[in-house]
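*Asks:* I am attaching a structure below and will ask some questions about it afterwards.
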Amino acid sequence: MNTPASAHPVEVEQTIRLDAVIIGAGFSGMYQLLSLRDQLGMQVKVLEAGAGVGGTWYWNRYPGARCDSESHSYMFYFSKELVNEWAWTERYPQQPEILRYLNHVADRFNLRSDILLNTRMNSAHFDEATNRWHVYTEQGQHFVAPFLITAVGCLSSANLPQLPGLSDFKGQWYHTGQWPHEGVDFAGKRVGVVGTGSTGIQTIPVVAAQAQHLTVFQRTANYSIPARNALLSEEFKRFAKDHSEGIRHIMNTNTNGHSFRMVNRSVTATYPAEREAIMETAWIKGGLEFRAAFNDTLINPEANQLVADFIRKKIREIVLNPEVAELLSDIDHPFAAKRPPVDSQYFETFNRDNVSLVNLRATPIERITARGIRTAQAEYPLDILIFATGFDAMTGSLLKMDIQGRDGHLLKQVWRDGPLNYLGLQVPGFPNMFTITGPGSPSVLSNLPPAIEQHVNWITDCIRMLRDKGLQRIEASEQASDGWCEEVNKAASATLLAQVKHSWYWGANVPGKPQVFMPYAGGFARYTEICNQVVSDNYRGFELSA
Ligand code: NA7
């Protein structure tokens, strides 16, 4: 048996007994709190390390931070009143607006009294004898509860590359995922951005417009589709509210959780002129919907090549300097096999006089110096250095904590070769612990709010079932978890996602991380069906006990 209380290094000042502990007060943690508290009448607390609610949207405040999902699909749909009373202003909401929305949710449903801010969970140990999780915080609290639910987000553990010399740098440096709340003034400054993923692509145009000079350090060129962001018309706002049920239905029955359907049309089966016209229309419309113009882009390499060539041609049309255009369009992976960004004036930014591009493939970073970045070829003097270098995605935040299941199983140990799990909801050896949008679920391959609603509803129904049947415990079996991990691999292998191993979907961006494809690529709708079927089969693959 574990010895939970003595296992914790911080002196315990207070023990609080609850029905469930939730970690994280973003979209998932808040909806899970609401569901368990108001539907099941449970005593629940959410532990949140930040000084405010919002999770990912509390931390990611970098200039240009915006959601790639369209605003009317990036919200909760569980409450019609909430849908009706909230009005987004733009096609893609900016971080401050999303944070306002999440604060509104916290107030609207009286969630704040059950959310403990500035409270970082240190460890959670399961005590088999009493069937309880013992959760300890850095602040010295000790919570005891039968259920532990992690709602820590998929992209919340910042990945800072281990570049030699960073401590020598005399300027200011920031990671986009831990941006200072007071903001950063770029006026008159020489700024460097390392990273051209979704985040770099969002922040580069905004920083370029303010800085004296911006140097972009690119390791891997990236596709990006214009977002065509704009203020929403009153007519559209009305439409989205009037059709909220229909929109919700599409999102919940869709491969990607978005509010648009993929067109049932093959790239290779269309004539060249027809194909060009379809892609042109999709390019003008912009956004993630570009990917939905055909159904085989991510399955058939030949189809993908045609779409990729169209985007490369667009980059070369937009970027006026042919050498820069060449570097930006020299992309080494199929379109959408790494997370495809959407942008506002990203490629256009390279036409500005105050922006330059450094190709790290040709001249890698050697070290950070007191003055800036030194590559194999030159030193680039900088006043401000921005790391848009992404996250230890999907598992990073969970593995930072000391989570110990039954029989002393450590999550770090169980996941040493990759995130073993069942349905992305549970890990064998960790009874009564649920992971919302964990590895093995559609998560980052889906629009997240509907994926979160589905997970939270599943978990809530599961806990209700346990209570109604007088059961105390649920745990994923090893056999079911092994089977599910195979299923996750199989789903990825049916797409081009499996071919591009230098992506964070595979954990490749974090040195030493096991190379395993983490999200479930079989589609959100299919995943929901599987979860429902598991329930109909009396929670197949889970061991239930009194
Ligand atoms: P990403 O997509 O992981 O992008 C990180 C970028 O940083 C990418 O261009 C990386 O190049 C680059 N990178 C990482 N480490 C280094 C080093 N050491 N040197 C140079 N360049 C480096 O993170 P984002 O924050 O942009 O996006 C994450 C998700 O957040 C996004 O998909 C949205 O869902 C929201 P690489 O490609 O590895 O060569």
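Residues in the structure tokens are numbered from 1 in each chain, the chains being A, B, ... in the order shown, and ligands are numbered from 1 in the order shown.
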Can you pull out every residue within 8 Å of Gly64 in chain A, counting only C-alpha atoms, but drop anything in the same chain fewer than 5 positions away, and send it as JSON, numbers by chain?

*Replies:* {"A": [94, 202, 203, 205, 206]}

*Asks:* Could you list, as a list in words, every residue within 10 Å of Trp283 in chain A, counting only C-alpha atoms and ignoring same-chain residues fewer than 2 positions away?

*Replies:* Ile225, Pro226, Ala227, Arg228, Ala277, Ile278, Met279, Glu280, Thr281, Lys285, Gly286, Gly287, Leu288, Glu289, Phe290, Arg291, Ala293, Phe310, Ile311 and Lys314 of chain A

*Asks:* Could you write out the selected residues, including N, CA, C and O atoms, as a PDB file, in the first residue's frame?

*Replies:*
ATOM      1  N   ILE A 225      -2.453  28.724 -44.600  1.00  0.00           N
ATOM      2  CA  ILE A 225      -3.613  29.150 -45.388  1.00  0.00           C
ATOM      3  C   ILE A 225      -4.078  30.490 -44.829  1.00  0.00           C
ATOM      4  O   ILE A 225      -4.153  30.655 -43.608  1.00  0.00           O
ATOM      5  N   PRO A 226      -4.397  31.458 -45.691  1.00  0.00           N
ATOM      6  CA  PRO A 226      -4.875  32.742 -45.145  1.00  0.00           C
ATOM      7  C   PRO A 226      -6.166  32.545 -44.341  1.00  0.00           C
ATOM      8  O   PRO A 226      -7.068  31.837 -44.775  1.00  0.00           O
ATOM      9  N   ALA A 227      -6.198  33.156 -43.172  1.00  0.00           N
ATOM     10  CA  ALA A 227      -7.381  32.999 -42.302  1.00  0.00           C
ATOM     11  C   ALA A 227      -8.572  33.780 -42.839  1.00  0.00           C
ATOM     12  O   ALA A 227      -9.716  33.393 -42.652  1.00  0.00           O
ATOM     13  N   ARG A 228      -8.281  34.902 -43.530  1.00  0.00           N
ATOM     14  CA  ARG A 228      -9.335  35.836 -43.979  1.00  0.00           C
ATOM     15  C   ARG A 228     -10.170  36.267 -42.776  1.00  0.00           C
ATOM     16  O   ARG A 228     -11.400  36.224 -42.809  1.00  0.00           O
ATOM     17  N   ALA A 277      -9.741  25.682 -59.826  1.00  0.00           N
ATOM     18  CA  ALA A 277     -10.837  26.593 -59.460  1.00  0.00           C
ATOM     19  C   ALA A 277     -11.343  26.286 -58.049  1.00  0.00           C
ATOM     20  O   ALA A 277     -11.626  27.207 -57.261  1.00  0.00           O
ATOM     21  N   ILE A 278     -11.414  25.011 -57.722  1.00  0.00           N
ATOM     22  CA  ILE A 278     -11.876  24.630 -56.367  1.00  0.00           C
ATOM     23  C   ILE A 278     -10.892  25.149 -55.319  1.00  0.00           C
ATOM     24  O   ILE A 278     -11.285  25.737 -54.305  1.00  0.00           O
ATOM     25  N   MET A 279      -9.598  24.948 -55.588  1.00  0.00           N
ATOM     26  CA  MET A 279      -8.593  25.379 -54.597  1.00  0.00           C
ATOM     27  C   MET A 279      -8.548  26.901 -54.497  1.00  0.00           C
ATOM     28  O   MET A 279      -8.384  27.452 -53.412  1.00  0.00           O
ATOM     29  N   GLU A 280      -8.727  27.562 -55.631  1.00  0.00           N
ATOM     30  CA  GLU A 280      -8.739  29.036 -55.621  1.00  0.00           C
ATOM     31  C   GLU A 280      -9.895  29.544 -54.753  1.00  0.00           C
ATOM     32  O   GLU A 280      -9.716  30.446 -53.919  1.00  0.00           O
ATOM     33  N   THR A 281     -11.054  28.942 -54.936  1.00  0.00           N
ATOM     34  CA  THR A 281     -12.227  29.356 -54.135  1.00  0.00           C
ATOM     35  C   THR A 281     -11.963  29.102 -52.652  1.00  0.00           C
ATOM     36  O   THR A 281     -12.257  29.948 -51.790  1.00  0.00           O
ATOM     37  N   LYS A 285     -11.708  31.780 -49.597  1.00  0.00           N
ATOM     38  CA  LYS A 285     -12.540  31.659 -48.385  1.00  0.00           C
ATOM     39  C   LYS A 285     -11.643  31.566 -47.147  1.00  0.00           C
ATOM     40  O   LYS A 285     -11.938  32.122 -46.093  1.00  0.00           O
ATOM     41  N   GLY A 286     -10.535  30.833 -47.276  1.00  0.00           N
ATOM     42  CA  GLY A 286      -9.531  30.780 -46.208  1.00  0.00           C
ATOM     43  C   GLY A 286      -9.869  29.873 -45.042  1.00  0.00           C
ATOM     44  O   GLY A 286     -10.936  29.265 -44.980  1.00  0.00           O
ATOM     45  N   GLY A 287      -8.911  29.793 -44.133  1.00  0.00           N
ATOM     46  CA  GLY A 287      -9.112  29.057 -42.887  1.00  0.00           C
ATOM     47  C   GLY A 287      -8.921  27.554 -43.025  1.00  0.00           C
ATOM     48  O   GLY A 287      -8.552  27.029 -44.072  1.00  0.00           O
ATOM     49  N   LEU A 288      -9.189  26.860 -41.938  1.00  0.00           N
ATOM     50  CA  LEU A 288      -8.997  25.407 -41.904  1.00  0.00           C
ATOM     51  C   LEU A 288      -9.906  24.689 -42.896  1.00  0.00           C
ATOM     52  O   LEU A 288      -9.643  23.555 -43.284  1.00  0.00           O
ATOM     53  N   GLU A 289     -10.955  25.374 -43.311  1.00  0.00           N
ATOM     54  CA  GLU A 289     -11.904  24.757 -44.249  1.00  0.00           C
ATOM     55  C   GLU A 289     -11.230  24.441 -45.592  1.00  0.00           C
ATOM     56  O   GLU A 289     -11.733  23.617 -46.356  1.00  0.00           O
ATOM     57  N   PHE A 290     -10.102  25.099 -45.868  1.00  0.00           N
ATOM     58  CA  PHE A 290      -9.359  24.809 -47.096  1.00  0.00           C
ATOM     59  C   PHE A 290      -9.105  23.303 -47.210  1.00  0.00           C
ATOM     60  O   PHE A 290      -9.199  22.717 -48.276  1.00  0.00           O
ATOM     61  N   ARG A 291      -8.803  22.687 -46.064  1.00  0.00           N
ATOM     62  CA  ARG A 291      -8.481  21.255 -46.045  1.00  0.00           C
ATOM     63  C   ARG A 291      -9.678  20.390 -46.393  1.00  0.00           C
ATOM     64  O   ARG A 291      -9.539  19.215 -46.721  1.00  0.00           O
ATOM     65  N   ALA A 293     -11.834  20.867 -48.764  1.00  0.00           N
ATOM     66  CA  ALA A 293     -12.295  20.980 -50.153  1.00  0.00           C
ATOM     67  C   ALA A 293     -12.255  19.634 -50.874  1.00  0.00           C
ATOM     68  O   ALA A 293     -12.955  19.422 -51.869  1.00  0.00           O
ATOM     69  N   PHE A 310      -0.085  23.703 -55.148  1.00  0.00           N
ATOM     70  CA  PHE A 310      -0.928  24.910 -55.251  1.00  0.00           C
ATOM     71  C   PHE A 310      -0.499  25.932 -54.183  1.00  0.00           C
ATOM     72  O   PHE A 310      -0.337  27.124 -54.468  1.00  0.00           O
ATOM     73  N   ILE A 311      -0.286  25.450 -52.954  1.00  0.00           N
ATOM     74  CA  ILE A 311       0.088  26.380 -51.871  1.00  0.00           C
ATOM     75  C   ILE A 311       1.488  26.952 -52.120  1.00  0.00           C
ATOM     76  O   ILE A 311       1.720  28.155 -51.947  1.00  0.00           O
ATOM     77  N   LYS A 314       1.255  29.684 -54.481  1.00  0.00           N
ATOM     78  CA  LYS A 314       0.709  30.893 -53.832  1.00  0.00           C
ATOM     79  C   LYS A 314       1.805  31.626 -53.055  1.00  0.00           C
ATOM     80  O   LYS A 314       1.881  32.857 -53.095  1.00  0.00           O
TER      81      LYS A 314
END

*Asks:* Using only C-alpha atoms and all ligand atoms, what are the residues with an atom within 7 Å of ligand 1, set out as number ranges by chain?

*Replies:* A: 155, 161-163, 194-200, 217-220, 339, 341, 360, 365, 388-391, 444, 502-504, 509

*Asks:* Taking only C-alpha atoms into account, produce a table as a Markdown table in which each residue of range 396-487 of chain A with an atom at most 12 Å from an atom of range 132-137 of chain A appears once, together with its shortest atom pair and the distance in Å to one decimal, ordered by chain and rising number.

*Replies:*
| residue | atom | partner | partner_atom | distance |
| --- | --- | --- | --- | --- |
| A:Met401 | CA | A:Thr137 | CA | 10.4 |
| A:Asp402 | CA | A:Tyr136 | CA | 9.7 |
| A:Ile403 | CA | A:Val135 | CA | 9.1 |
| A:Gln404 | CA | A:Trp133 | CA | 9.3 |
| A:Gly405 | CA | A:Trp133 | CA | 8.6 |
| A:Arg406 | CA | A:Trp133 | CA | 9.9 |
| A:Phe430 | CA | A:Trp133 | CA | 9.7 |
| A:Pro431 | CA | A:Trp133 | CA | 9.1 |
| A:Asn432 | CA | A:Trp133 | CA | 8.4 |
| A:Met433 | CA | A:Trp133 | CA | 8.5 |
| A:Phe434 | CA | A:Trp133 | CA | 12.0 |
| A:Gln472 | CA | A:Arg132 | CA | 9.7 |
| A:Arg473 | CA | A:Arg132 | CA | 9.7 |

*Asks:* With N, CA, C and O atoms kept, could you save the residues just selected as a JSON list (two decimals), in the first residue's frame?

*Replies:*
[["chain", "number", "residue", "atom", "x", "y", "z"],
["A", 401, "MET", "N", 4.03, 16.16, -13.27],
["A", 401, "MET", "CA", 3.51, 15.94, -11.92],
["A", 401, "MET", "C", 3.87, 14.53, -11.47],
["A", 401, "MET", "O", 4.09, 13.64, -12.28],
["A", 402, "ASP", "N", 3.89, 14.36, -10.17],
["A", 402, "ASP", "CA", 4.18, 13.03, -9.62],
["A", 402, "ASP", "C", 2.83, 12.32, -9.46],
["A", 402, "ASP", "O", 2.12, 12.55, -8.47],
["A", 403, "ILE", "N", 2.48, 11.51, -10.43],
["A", 403, "ILE", "CA", 1.19, 10.79, -10.36],
["A", 403, "ILE", "C", 1.50, 9.31, -10.15],
["A", 403, "ILE", "O", 2.21, 8.69, -10.95],
["A", 404, "GLN", "N", 0.95, 8.79, -9.08],
["A", 404, "GLN", "CA", 1.23, 7.40, -8.70],
["A", 404, "GLN", "C", -0.08, 6.65, -8.51],
["A", 404, "GLN", "O", -0.91, 7.04, -7.70],
["A", 405, "GLY", "N", -0.24, 5.58, -9.28],
["A", 405, "GLY", "CA", -1.48, 4.80, -9.22],
["A", 405, "GLY", "C", -1.38, 3.69, -8.20],
["A", 405, "GLY", "O", -0.62, 3.77, -7.24],
["A", 406, "ARG", "N", -2.15, 2.62, -8.45],
["A", 406, "ARG", "CA", -2.11, 1.51, -7.48],
["A", 406, "ARG", "C", -0.79, 0.76, -7.59],
["A", 406, "ARG", "O", -0.10, 0.84, -8.61],
["A", 430, "PHE", "N", -4.25, 3.11, -12.91],
["A", 430, "PHE", "CA", -4.61, 4.39, -12.30],
["A", 430, "PHE", "C", -6.14, 4.46, -12.14],
["A", 430, "PHE", "O", -6.82, 5.16, -12.89],
["A", 431, "PRO", "N", -6.68, 3.71, -11.18],
["A", 431, "PRO", "CA", -8.13, 3.63, -11.04],
["A", 431, "PRO", "C", -8.74, 5.00, -10.75],
["A", 431, "PRO", "O", -8.12, 5.83, -10.08],
["A", 432, "ASN", "N", -9.92, 5.22, -11.28],
["A", 432, "ASN", "CA", -10.70, 6.44, -10.99],
["A", 432, "ASN", "C", -9.99, 7.73, -11.40],
["A", 432, "ASN", "O", -10.32, 8.81, -10.92],
["A", 433, "MET", "N", -8.96, 7.60, -12.24],
["A", 433, "MET", "CA", -8.34, 8.81, -12.79],
["A", 433, "MET", "C", -8.74, 8.91, -14.26],
["A", 433, "MET", "O", -8.62, 7.94, -15.01],
["A", 434, "PHE", "N", -9.23, 10.07, -14.64],
["A", 434, "PHE", "CA", -9.64, 10.30, -16.03],
["A", 434, "PHE", "C", -8.79, 11.43, -16.61],
["A", 434, "PHE", "O", -8.49, 12.40, -15.92],
["A", 472, "GLN", "N", -17.43, 1.39, -6.71],
["A", 472, "GLN", "CA", -16.47, 2.37, -6.17],
["A", 472, "GLN", "C", -15.36, 2.69, -7.16],
["A", 472, "GLN", "O", -14.67, 3.69, -7.00],
["A", 473, "ARG", "N", -15.20, 1.79, -8.13],
["A", 473, "ARG", "CA", -13.92, 1.88, -8.83],
["A", 473, "ARG", "C", -14.03, 1.48, -10.29],
["A", 473, "ARG", "O", -14.73, 0.53, -10.63]]

*Asks:* Sort by chain and increasing residue number a table of all residues of range 467-546 of chain A within 10 Å of range 231-253 of chain A, each with its closest pair of atoms and their distance in Å to one decimal, counting only C-alpha atoms, and write it as JSON lines.

*Replies:*
{"residue": "A:Gly523", "atom": "CA", "partner": "A:Thr253", "partner_atom": "CA", "distance": 9.5}
{"residue": "A:Phe524", "atom": "CA", "partner": "A:Thr253", "partner_atom": "CA", "distance": 7.5}
{"residue": "A:Ala525", "atom": "CA", "partner": "A:Thr253", "partner_atom": "CA", "distance": 4.9}
{"residue": "A:Arg526", "atom": "CA", "partner": "A:Thr253", "partner_atom": "CA", "distance": 8.3}
{"residue": "A:Thr528", "atom": "CA", "partner": "A:Asn252", "partner_atom": "CA", "distance": 8.4}
{"residue": "A:Glu529", "atom": "CA", "partner": "A:Thr253", "partner_atom": "CA", "distance": 9.4}

*Asks:* Could you jot down the CA of Leu382 in chain A to CA of Glu348 in chain A separation for me, Å, one decimal place?

*Replies:* 22.6 Å

*Asks:* Enumerate as an mmCIF file with C-alpha atoms, in the first residue's frame all residues of range 128-291 of chain A assigned to strand (DSSP E or B) by DSSP on the backbone, naming them with the chain letters and numbers the document uses.

*Replies:*
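Result file selection-v5.cif:
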data_model
loop_
_atom_site.group_PDB
_atom_site.id
_atom_site.type_symbol
_atom_site.label_atom_id
_atom_site.label_comp_id
_atom_site.auth_asym_id
_atom_site.auth_seq_id
_atom_site.Cartn_x
_atom_site.Cartn_y
_atom_site.Cartn_z
ATOM 1 C CA ARG A 132 -8.932 7.407 -2.623
ATOM 2 C CA TRP A 133 -6.652 9.787 -4.471
ATOM 3 C CA HIS A 134 -4.456 11.894 -2.214
ATOM 4 C CA VAL A 135 -3.617 15.118 -3.985
ATOM 5 C CA TYR A 136 -0.989 17.530 -2.693
ATOM 6 C CA THR A 137 -0.321 21.066 -3.769
ATOM 7 C CA GLN A 141 -2.995 21.539 0.851
ATOM 8 C CA HIS A 142 -3.957 17.888 0.898
ATOM 9 C CA PHE A 143 -7.141 16.774 -0.864
ATOM 10 C CA VAL A 144 -8.636 13.313 -0.559
ATOM 11 C CA ALA A 145 -11.184 12.166 -3.140
ATOM 12 C CA PHE A 147 -11.928 10.630 -8.378
ATOM 13 C CA LEU A 148 -9.089 12.552 -9.994
ATOM 14 C CA ILE A 149 -9.678 14.248 -13.337
ATOM 15 C CA THR A 150 -6.850 15.867 -15.241
ATOM 16 C CA ALA A 158 6.245 25.063 -22.981
ATOM 17 C CA GLN A 172 15.069 39.970 -23.010
ATOM 18 C CA TRP A 173 13.808 36.563 -24.070
ATOM 19 C CA TYR A 174 10.351 35.003 -23.914
ATOM 20 C CA HIS A 175 8.558 31.788 -24.762
ATOM 21 C CA ALA A 187 9.255 49.699 -30.626
ATOM 22 C CA ARG A 190 15.754 44.287 -32.973
ATOM 23 C CA VAL A 191 13.661 41.182 -32.452
ATOM 24 C CA GLY A 192 14.339 37.541 -33.336
ATOM 25 C CA VAL A 193 11.658 34.847 -33.586
ATOM 26 C CA VAL A 194 12.732 31.201 -33.491
ATOM 27 C CA ALA A 211 9.749 46.231 -34.229
ATOM 28 C CA HIS A 213 13.791 44.917 -37.324
ATOM 29 C CA LEU A 214 12.579 41.331 -37.152
ATOM 30 C CA THR A 215 14.757 38.318 -37.954
ATOM 31 C CA VAL A 216 12.848 35.075 -38.428
ATOM 32 C CA PHE A 217 14.856 31.922 -37.745
ATOM 33 C CA GLN A 218 13.241 29.133 -39.766
ATOM 34 C CA ILE A 225 -3.613 29.150 -45.388
ATOM 35 C CA PRO A 226 -4.875 32.742 -45.145
ATOM 36 C CA LEU A 231 -15.367 41.296 -38.044
#

*Asks:* From the set A:Ile201, A:Ala124, A:Ala492, A:Ala498, which residue has the shortest atom-to-atom contact distance to Val342 in chain A, counting only C-alpha atoms?

*Replies:* A:Ile201

*Asks:* Could you tell me which of A:Ile204, A:Ala282, A:Ala221, A:Ala308 comes closest to Ala325 in chain A if we count only C-alpha atoms?

*Replies:*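 Looking only at the distances to Ala325 in chain A, the closest residue turns out to be A:Ala221.
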
*Asks:* Which distance in Å separates CA of Asp127 in chain A and CA of Gln426 in chain A, to one decimal?

*Replies:*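 Atom-to-atom, CA of Asp127 in chain A to CA of Gln426 in chain A, that is 17.1 Å.
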
*Asks:* Name the residues of range 40-288 of chain A that come out as helix (DSSP H, G or I) in a backbone DSSP run; write them as JSON, numbers by chain.

*Replies:* {"A": [40, 56, 57, 58, 59, 71, 72, 73, 80, 81, 82, 83, 84, 85, 95, 96, 97, 98, 99, 100, 101, 102, 103, 104, 105, 106, 107, 108, 112, 113, 114, 166, 167, 168, 176, 177, 178, 198, 199, 200, 201, 202, 203, 204, 205, 206, 207, 208, 234, 235, 236, 237, 238, 239, 240, 241, 242, 244, 245, 246, 247, 248, 249, 250, 251, 252, 272, 273, 274, 275, 276, 277, 278, 279, 280, 281, 282, 283, 284, 285, 288]}

*Asks:* Please produce an output containing C-alpha atoms for each residue in the selection, written as a tab-separated table (two decimals), in the first residue's frame.

*Replies:*
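Written out: result05.tsv:
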chain	number	residue	atom	x	y	z
A	40	LEU	CA	-24.42	14.86	-9.71
A	56	THR	CA	-4.17	27.61	-22.46
A	57	TRP	CA	-5.82	30.97	-23.08
A	58	TYR	CA	-4.63	32.32	-19.77
A	59	TRP	CA	-0.97	31.57	-20.57
A	71	SER	CA	-15.48	31.62	-33.21
A	72	HIS	CA	-19.01	30.22	-33.54
A	73	SER	CA	-17.52	26.73	-33.27
A	80	LYS	CA	-28.51	27.16	-25.22
A	81	GLU	CA	-28.73	30.22	-22.98
A	82	LEU	CA	-24.95	30.55	-23.00
A	83	VAL	CA	-24.88	30.24	-26.80
A	84	ASN	CA	-27.54	32.90	-27.13
A	85	GLU	CA	-26.09	35.42	-24.74
A	95	GLN	CA	-6.86	35.46	-27.07
A	96	PRO	CA	-8.30	38.33	-24.95
A	97	GLU	CA	-11.80	37.67	-26.27
A	98	ILE	CA	-11.56	33.92	-25.58
A	99	LEU	CA	-10.30	34.68	-22.09
A	100	ARG	CA	-13.27	37.04	-21.57
A	101	TYR	CA	-15.58	34.25	-22.74
A	102	LEU	CA	-14.09	31.75	-20.28
A	103	ASN	CA	-14.34	34.28	-17.46
A	104	HIS	CA	-17.96	34.82	-18.44
A	105	VAL	CA	-18.51	31.04	-18.21
A	106	ALA	CA	-16.92	31.01	-14.74
A	107	ASP	CA	-19.25	33.81	-13.56
A	108	ARG	CA	-22.36	32.67	-15.42
A	112	ARG	CA	-15.28	30.54	-9.03
A	113	SER	CA	-16.09	29.42	-5.50
A	114	ASP	CA	-14.92	25.91	-6.41
A	166	LEU	CA	20.93	31.43	-23.32
A	167	SER	CA	21.98	32.60	-19.88
A	168	ASP	CA	24.62	34.85	-21.52
A	176	THR	CA	5.22	32.47	-26.44
A	177	GLY	CA	3.44	30.04	-24.11
A	178	GLN	CA	4.57	31.95	-21.00
A	198	SER	CA	1.23	28.00	-35.89
A	199	THR	CA	2.41	30.31	-33.12
A	200	GLY	CA	5.37	31.81	-34.98
A	201	ILE	CA	3.16	32.31	-38.02
A	202	GLN	CA	0.60	34.20	-35.90
A	203	THR	CA	3.05	36.37	-34.03
A	204	ILE	CA	5.55	37.24	-36.81
A	205	PRO	CA	3.29	39.72	-38.70
A	206	VAL	CA	2.26	41.48	-35.48
A	207	VAL	CA	5.81	41.80	-34.15
A	208	ALA	CA	7.11	42.91	-37.56
A	234	GLU	CA	-24.77	41.09	-37.54
A	235	GLU	CA	-26.37	38.83	-40.11
A	236	PHE	CA	-23.85	36.04	-39.46
A	237	LYS	CA	-24.15	36.40	-35.69
A	238	ARG	CA	-27.92	36.04	-36.02
A	239	PHE	CA	-27.52	33.06	-38.34
A	240	ALA	CA	-25.15	31.26	-35.94
A	241	LYS	CA	-27.60	31.68	-33.06
A	242	ASP	CA	-30.66	30.76	-35.08
A	244	SER	CA	-27.07	26.65	-33.21
A	245	GLU	CA	-28.67	23.21	-33.05
A	246	GLY	CA	-27.70	22.46	-36.64
A	247	ILE	CA	-24.15	23.76	-36.10
A	248	ARG	CA	-23.82	21.63	-32.98
A	249	HIS	CA	-25.07	18.58	-34.83
A	250	ILE	CA	-22.52	19.04	-37.61
A	251	MET	CA	-19.64	19.50	-35.14
A	252	ASN	CA	-20.63	16.43	-33.13
A	272	PRO	CA	-6.82	20.21	-63.58
A	273	ALA	CA	-8.83	23.36	-64.39
A	274	GLU	CA	-11.69	22.29	-62.14
A	275	ARG	CA	-9.25	21.43	-59.33
A	276	GLU	CA	-7.50	24.77	-59.66
A	277	ALA	CA	-10.84	26.59	-59.46
A	278	ILE	CA	-11.88	24.63	-56.37
A	279	MET	CA	-8.59	25.38	-54.60
A	280	GLU	CA	-8.74	29.04	-55.62
A	281	THR	CA	-12.23	29.36	-54.14
A	282	ALA	CA	-11.10	27.58	-50.95
A	283	TRP	CA	-8.00	29.82	-50.74
A	284	ILE	CA	-10.15	32.93	-51.05
A	285	LYS	CA	-12.54	31.66	-48.39
A	288	LEU	CA	-9.00	25.41	-41.90

*Asks:* Within 8 Å of Ser28 in chain A, counting only C-alpha atoms, which residues qualify if same-chain residues fewer than 6 places away don't, as a PyMOL selection string?

*Replies:* chain A and resi 151+153+436+452-453+456
